[in-house]
Every structure is written in C-alpha cells, then in structure tokens.
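Undergrad: Next comes the structure file work_28.cif, holding mmCIF, C-alpha atoms.
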data_run
loop_
_atom_site.label_atom_id
_atom_site.label_comp_id
_atom_site.auth_asym_id
_atom_site.auth_seq_id
_atom_site.Cartn_x
_atom_site.Cartn_y
_atom_site.Cartn_z
CA MET A 1 0.00 0.00 0.00
CA ASN A 2 1.47 3.31 -1.03
CA PHE A 3 1.67 6.54 0.99
CA VAL A 4 -1.33 8.23 -0.69
CA GLU A 5 -3.67 5.27 -0.03
CA GLU A 6 -2.62 5.11 3.62
CA LEU A 7 -3.25 8.88 3.93
CA ARG A 8 -6.78 8.45 2.55
CA ARG A 9 -7.55 5.66 5.04
CA LEU A 10 -6.73 7.82 8.05
CA ASP A 11 -9.69 8.54 10.34
CA PRO A 12 -9.57 12.26 11.34
CA LYS A 13 -11.81 11.47 14.33
CA ASP A 14 -9.37 8.95 15.78
CA PRO A 15 -5.79 10.26 15.30
CA GLY A 16 -4.61 7.95 18.07
CA ARG A 17 -4.81 4.96 15.72
CA TRP A 18 -2.83 6.62 12.97
CA PRO A 19 0.54 5.12 12.08
CA PHE A 20 3.52 6.62 13.87
CA LEU A 21 4.77 8.39 10.74
CA PHE A 22 1.50 10.26 10.16
CA ARG A 23 1.13 11.16 13.82
CA GLY A 24 4.62 12.62 13.74
CA LEU A 25 3.89 14.59 10.59
CA ALA A 26 0.63 15.92 12.09
CA ILE A 27 2.40 17.03 15.26
CA LEU A 28 5.14 18.68 13.20
CA ALA A 29 2.56 20.51 11.05
CA LEU A 30 0.71 21.70 14.16
CA PHE A 31 3.98 22.90 15.67
CA VAL A 32 4.85 24.82 12.49
CA VAL A 33 1.40 26.49 12.42
CA LEU A 34 1.55 27.46 16.09
CA THR A 35 5.10 28.77 15.72
CA GLY A 36 4.05 30.88 12.72
CA LEU A 37 1.08 32.31 14.61
CA PHE A 38 3.30 33.11 17.59
CA ILE A 39 5.89 34.84 15.41
CA TYR A 40 3.16 36.83 13.63
CA PHE A 41 1.00 37.97 16.55
CA VAL A 42 3.54 38.59 19.35
CA PRO A 43 5.38 41.46 17.54
CA ILE A 44 2.03 43.01 16.62
CA GLN A 45 0.92 42.97 20.25
CA ASN A 46 4.21 44.54 21.30
CA GLN A 47 3.82 47.26 18.69
CA ALA A 48 0.16 47.97 19.49
CA PRO A 49 0.93 51.08 21.62
CA ASP A 50 3.13 52.49 18.86
CA LEU A 51 0.41 51.77 16.32
CA GLU A 52 -2.20 53.53 18.48
CA ARG A 53 0.07 56.58 18.87
CA ALA A 54 0.62 56.67 15.13
CA ARG A 55 -3.14 56.59 14.53
CA GLN A 56 -3.67 59.41 17.04
CA GLU A 57 -0.94 61.49 15.39
CA GLU A 58 -2.55 60.85 12.03
CA GLN A 59 -5.92 62.12 13.33
CA ASP A 60 -4.26 65.20 14.85
CA LEU A 61 -2.48 65.96 11.60
CA MET A 62 -5.72 65.57 9.66
CA ARG A 63 -7.51 67.99 12.01
CA THR A 64 -4.64 70.49 11.69
CA PHE A 65 -4.71 70.13 7.92
CA ASP A 66 -8.48 70.68 7.77
CA GLU A 67 -8.22 73.76 10.01
CA ARG A 68 -5.43 75.30 7.95
CA GLN A 69 -7.25 74.47 4.75
CA ARG A 70 -10.35 76.31 6.00
CA LYS A 71 -8.21 79.31 6.99
CA ALA A 72 -6.52 79.32 3.60
CA ALA A 73 -9.90 79.15 1.86
CA ASN A 74 -11.14 82.14 3.91
CA PHE A 75 -7.90 84.11 3.68
CA GLU A 76 -9.26 86.63 1.18
CA ALA A 77 -12.38 87.14 3.30
CA TYR A 78 -10.18 87.74 6.37
CA LYS A 79 -8.14 90.29 4.42
CA GLY A 80 -11.33 92.09 3.43
CA GLN A 81 -12.54 92.15 7.03
CA LEU A 82 -9.18 93.50 8.19
CA LYS A 83 -9.30 96.30 5.62
CA GLU A 84 -12.84 97.18 6.69
CA MET A 85 -11.75 97.29 10.35
CA GLU A 86 -8.83 99.55 9.43
CA ARG A 87 -11.17 101.90 7.55
CA SER A 88 -13.59 101.99 10.49
CA PHE A 89 -10.78 102.61 12.95
CA GLY A 90 -9.39 105.38 10.76
CA ALA A 91 -12.81 107.02 10.57
CA MET A 92 -13.16 106.95 14.36
CA LEU A 93 -9.62 108.23 14.81
CA ARG A 94 -10.37 111.18 12.54
CA GLN A 95 -13.17 112.11 14.95
CA LEU A 96 -10.60 112.68 17.68
CA PRO A 97 -9.13 116.18 17.62
CA GLY A 98 -5.43 116.86 17.80
CA ARG A 99 -3.80 118.90 20.53
CA THR A 100 -4.23 122.17 18.66
CA GLU A 101 -7.92 121.52 17.98
CA VAL A 102 -8.98 120.96 21.60
CA PRO A 103 -9.43 124.67 22.51
CA SER A 104 -11.82 125.22 19.59
CA LEU A 105 -13.73 122.07 20.59
CA LEU A 106 -14.16 123.40 24.12
CA VAL A 107 -15.55 126.60 22.65
CA ASP A 108 -17.96 124.55 20.52
CA ILE A 109 -19.23 122.70 23.61
CA SER A 110 -19.75 125.95 25.51
CA GLN A 111 -21.44 127.61 22.53
CA THR A 112 -23.80 124.62 22.17
CA GLY A 113 -25.17 125.29 25.64
CA LEU A 114 -25.60 129.00 24.96
CA ALA A 115 -27.26 128.28 21.61
CA ALA A 116 -29.81 126.09 23.41
CA GLY A 117 -30.73 129.07 25.62
CA LEU A 118 -29.04 127.72 28.74
CA GLN A 119 -27.14 129.79 31.27
CA GLU A 120 -23.64 128.52 31.90
CA LYS A 121 -22.81 128.46 35.59
CA LEU A 122 -19.69 126.28 35.42
CA PHE A 123 -17.35 125.19 32.65
CA GLN A 124 -14.23 123.66 34.20
CA PRO A 125 -11.87 121.43 32.17
CA ALA A 126 -9.95 118.96 34.37
CA SER A 127 -6.56 117.37 33.83
CA GLU A 128 -6.12 115.01 30.88
CA VAL A 129 -6.15 111.27 31.44
CA ARG A 130 -3.70 109.47 29.13
CA LYS A 131 -4.78 106.17 27.57
CA ASP A 132 -2.99 103.91 25.06
CA PHE A 133 -3.16 106.13 21.97
CA TYR A 134 -5.46 108.93 23.07
CA ALA A 135 -6.09 111.32 25.95
CA GLU A 136 -9.38 111.87 27.74
CA LEU A 137 -10.34 115.40 28.80
CA PRO A 138 -13.18 115.64 31.40
CA ILE A 139 -15.08 118.92 31.70
CA LYS A 140 -17.31 119.77 34.64
CA ILE A 141 -20.37 121.66 33.38
CA ARG A 142 -23.31 123.26 35.18
CA LEU A 143 -26.17 124.77 33.18
CA THR A 144 -29.57 126.18 34.11
CA GLY A 145 -32.67 126.14 31.97
CA SER A 146 -35.69 124.02 31.07
CA TYR A 147 -36.05 120.37 30.07
CA HIS A 148 -36.63 121.44 26.49
CA GLN A 149 -33.41 123.46 26.47
CA PHE A 150 -31.50 120.55 28.01
CA GLY A 151 -32.78 118.34 25.18
CA SER A 152 -31.58 120.87 22.61
CA PHE A 153 -28.17 120.97 24.29
CA VAL A 154 -27.79 117.16 24.23
CA SER A 155 -28.85 117.04 20.57
CA GLY A 156 -26.35 119.78 19.75
CA ILE A 157 -23.54 117.88 21.49
CA ALA A 158 -24.43 114.72 19.53
CA ALA A 159 -24.29 116.70 16.28
CA LEU A 160 -20.73 117.95 16.86
CA PRO A 161 -18.20 116.58 14.35
CA ARG A 162 -15.98 115.43 17.22
CA ILE A 163 -16.67 112.74 19.82
CA VAL A 164 -18.08 114.14 23.06
CA THR A 165 -19.71 111.90 25.68
CA LEU A 166 -21.82 112.96 28.67
CA HIS A 167 -21.48 111.36 32.10
CA ASP A 168 -22.70 111.75 35.72
CA ILE A 169 -25.82 113.66 34.66
CA SER A 170 -27.87 115.23 37.46
CA ILE A 171 -30.94 117.46 37.08
CA VAL A 172 -32.41 119.28 40.10
CA PRO A 173 -34.62 122.34 40.62
CA GLU A 174 -32.64 125.57 40.38
CA GLY A 175 -33.76 126.80 43.82
CA LYS A 176 -36.68 127.24 46.18
CA ASP A 177 -37.59 130.68 44.87
CA ALA A 178 -37.05 129.83 41.19
CA SER A 179 -39.75 128.98 38.67
CA PRO A 180 -40.76 125.27 38.64
CA ASP A 181 -39.53 124.85 35.08
CA ARG A 182 -36.10 126.30 35.90
CA LEU A 183 -33.68 123.42 36.48
CA THR A 184 -29.98 122.94 37.06
CA LEU A 185 -28.06 120.40 34.99
CA ASP A 186 -24.74 119.07 36.32
CA LEU A 187 -22.71 116.72 34.17
CA THR A 188 -19.25 115.73 33.09
CA ALA A 189 -18.56 116.03 29.39
CA LYS A 190 -15.63 114.02 28.09
CA THR A 191 -13.85 114.78 24.88
CA TYR A 192 -10.92 112.90 23.46
CA ARG A 193 -7.85 113.66 21.41
CA TYR A 194 -5.29 111.39 19.81
CA LEU A 195 -1.69 111.50 20.99
CA ASP A 196 0.78 112.69 18.39
CA ASP A 197 3.91 110.73 17.47
CA THR A 198 6.09 112.63 19.92
CA GLU A 199 3.73 111.93 22.82
CA LEU A 200 3.43 108.25 21.87
CA ALA A 201 7.22 107.94 21.70
CA THR A 202 7.57 109.61 25.08
CA ALA A 203 4.94 107.28 26.56
CA GLU A 204 6.70 104.20 25.18
CA LYS A 205 10.02 105.45 26.51
CA GLY A 206 8.45 105.99 29.92
CA LYS A 207 7.10 102.43 29.95
CA GLY A 208 10.53 101.07 29.08
CA THR A 209 12.19 103.07 31.82
CA ALA A 210 9.61 101.98 34.38
CA ALA A 211 10.14 98.34 33.43
CA LYS A 212 13.88 98.45 34.15
CA PRO A 213 14.99 97.64 37.70
CA GLY A 214 16.19 100.64 39.71
CA ALA A 215 19.90 101.23 39.91
CA LYS A 216 21.53 100.35 43.20
CA THR A 217 23.33 103.06 45.06
CA GLY A 218 26.15 102.30 47.42
CA GLY A 219 26.85 104.25 50.57
CA GLY A 220 30.24 105.65 51.43
CA GLY A 221 32.35 103.71 53.89
#
Let me see the file written as structure tokens.

TA:
Amino acid sequence: MNFVEELRRLDPKDPGRWPFLFRGLAILALFVVLTGLFIYFVPIQNQAPDLERARQEEQDLMRTFDERQRKAANFEAYKGQLKEMERSFGAMLRQLPGRTEVPSLLVDISQTGLAAGLQEKLFQPASEVRKDFYAELPIKIRLTGSYHQFGSFVSGIAALPRIVTLHDISIVPEGKDASPDRLTLDLTAKTYRYLDDTELATAEKGKGTAAKPGAKTGGGG
C-alpha cells in the first residue's frame, strides 16, 4: 500500500490509531502552524501602543490640515474684514481732535449750551487722562434752563463733528424761589484727542524706563 492510499484511510476522528509516521507529521505541522502564529502575533501585540500613537498622530495631523485648509480658503475674506476694520478705525480716529484743535472744541461745547438758551454756571476742564493712543479730557459743566433746552443741548452735542460723551448727569430744581420749570443740569462732558507721534514715543520710553529695575546706590564707607 502506497503513501497516498494510507493517507486516505486515516480517520480524522481517531488520530490515536494513525501510524507513527503520520502522527509525527501531524504534530510537526501543528507545531509549524503554532510557531508561525506566535511569530506573527507577538510582535504586533508589542507594537500595538506604537500603532495607536501613530493613529492618534494621524488624526491630529488631519484635524490640523483641515483647520489650515479652511483658513486658507477664507484668507481673502479675512483680508477684506481686516481692511474694513482699518477703515472703520481710521474714521473713528479722525473724529478725535489733535492737541491744537482741543481749545476750539471746548468753545464749541460751551457755545452749544448757549445756543440752546441755557445759562452757563460752570465750565471747568480737568486734567487730561492718558490712555494707550489717546487722551481723555473731562469737563465739569453746570447749566440752568428748562427740560426742552436741556434736550436741545444734548442734541447739539451729539451733532458735533468730534466725539463728546456725557457722564454723571444730574438734574435738580434751580432753587426754592425759582420757577418750577427752571432746572440745574450738572454733568461731566468728556472729549478725546489722539496723541501725536512725539507723545506716543515719550509714553513708550516711559514704559521702558519703568520696566527696568532701579539702579543700586552704594553708601560711602
């Protein structure tokens, strides 16, 4: 009986009765398969953390790419928005008077009250308050008149070509013996002016000097 016929006669359900040669070959084949599986899967299990990190990095890179792609697609729109902001900022800056224009603006504020028919009891500019690129000038004002005249004054202030804001508004009767429609208006008007290049440079220099540590002085022995 040749090898092929003996192989066909083997009962797969009863390998214990196989001839010694076939049992040995079956064990050898099983050992080869198990060894191959071990060699294949063990390195993969050891490299699983590295594989997971690589997948996470891939996802992060894809998110970064998508974000940059969206920014690149909207770049022209961003440039247009920036130009519009610069135009708006320039328009607002032009509404701030320069140093030489402030006196005439103060006259305009005072004349607005007189034009509304109000009597000016107090017009007292205070010290400037320096901000980043502009200075704020508060003005204490006291006027007497009627509600209607106060309304005309506020409308006139709003119509000025320069920015003037009104704060701390108080309206009280003018006095016990005065007419009921005679009132006193107290407020603080604030106007603003931009700092010129020399003032900005001085301010920046002052910040730099303040940031430096003070020099140490030694006493004589």

Undergrad: Taking the file as shown, find all residues satisfying the PyMOL selection byres ((chain A and resi 142) around 9) and write them as a VMD selection string.

TA: chain A and resid 119 to 123 140 to 141 143 to 144 184 to 188

Undergrad: Would you list the contacts of A:Ala159 as a PyMOL selection string, taking every protein, DNA or RNA residue within 12 Å and counting all atoms listed in the file, but skipping same-chain residues closer than 5 positions in sequence?

TA: chain A and resi 108-109+112+152-154+164-165

Undergrad: Write the residues of the preceding selection, restricted to C-alpha atoms, as a PDB file, keeping the file's coordinate frame.

TA:
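Output below, filename part23.pdb:
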ATOM      1  CA  ASP A 108     -17.960 124.550  20.520  1.00  0.00           C
ATOM      2  CA  ILE A 109     -19.230 122.700  23.610  1.00  0.00           C
ATOM      3  CA  THR A 112     -23.800 124.620  22.170  1.00  0.00           C
ATOM      4  CA  SER A 152     -31.580 120.870  22.610  1.00  0.00           C
ATOM      5  CA  PHE A 153     -28.170 120.970  24.290  1.00  0.00           C
ATOM      6  CA  VAL A 154     -27.790 117.160  24.230  1.00  0.00           C
ATOM      7  CA  VAL A 164     -18.080 114.140  23.060  1.00  0.00           C
ATOM      8  CA  THR A 165     -19.710 111.900  25.680  1.00  0.00           C
TER       9      THR A 165
END

Undergrad: What does the PyMOL selection byres ((chain A and resi 106) around 12) select in this file, as a PyMOL selection string?

TA: chain A and resi 97+99-105+107-113+123-126+137-141+157+160+162-164+189-193

Undergrad: Please provide as a count of residues only all residues within 9 Å of A:Phe133, with the sequence filter that same-chain residues fewer than 3 positions apart are discarded (counting only C-alpha atoms).

TA: 6

Undergrad: Report the distance between atom CA of A:Ala116 and atom CA of A:Ser146 in Å, rounded to one decimal place.

TA: 9.9 Å

Undergrad: Looking at A:Met85, A:Gly145, A:Arg63, A:Ala135, which one is nearest to A:Ala115, with distances taken over only C-alpha atoms?

TA: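 The closest residue to A:Ala115 is A:Gly145.
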
Undergrad: Atom CA of A:Lys131 to atom CA of A:Gly80: how many Å, to one decimal?

TA: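 Taking atom CA of A:Lys131 and atom CA of A:Gly80, their separation equals 28.7 Å.
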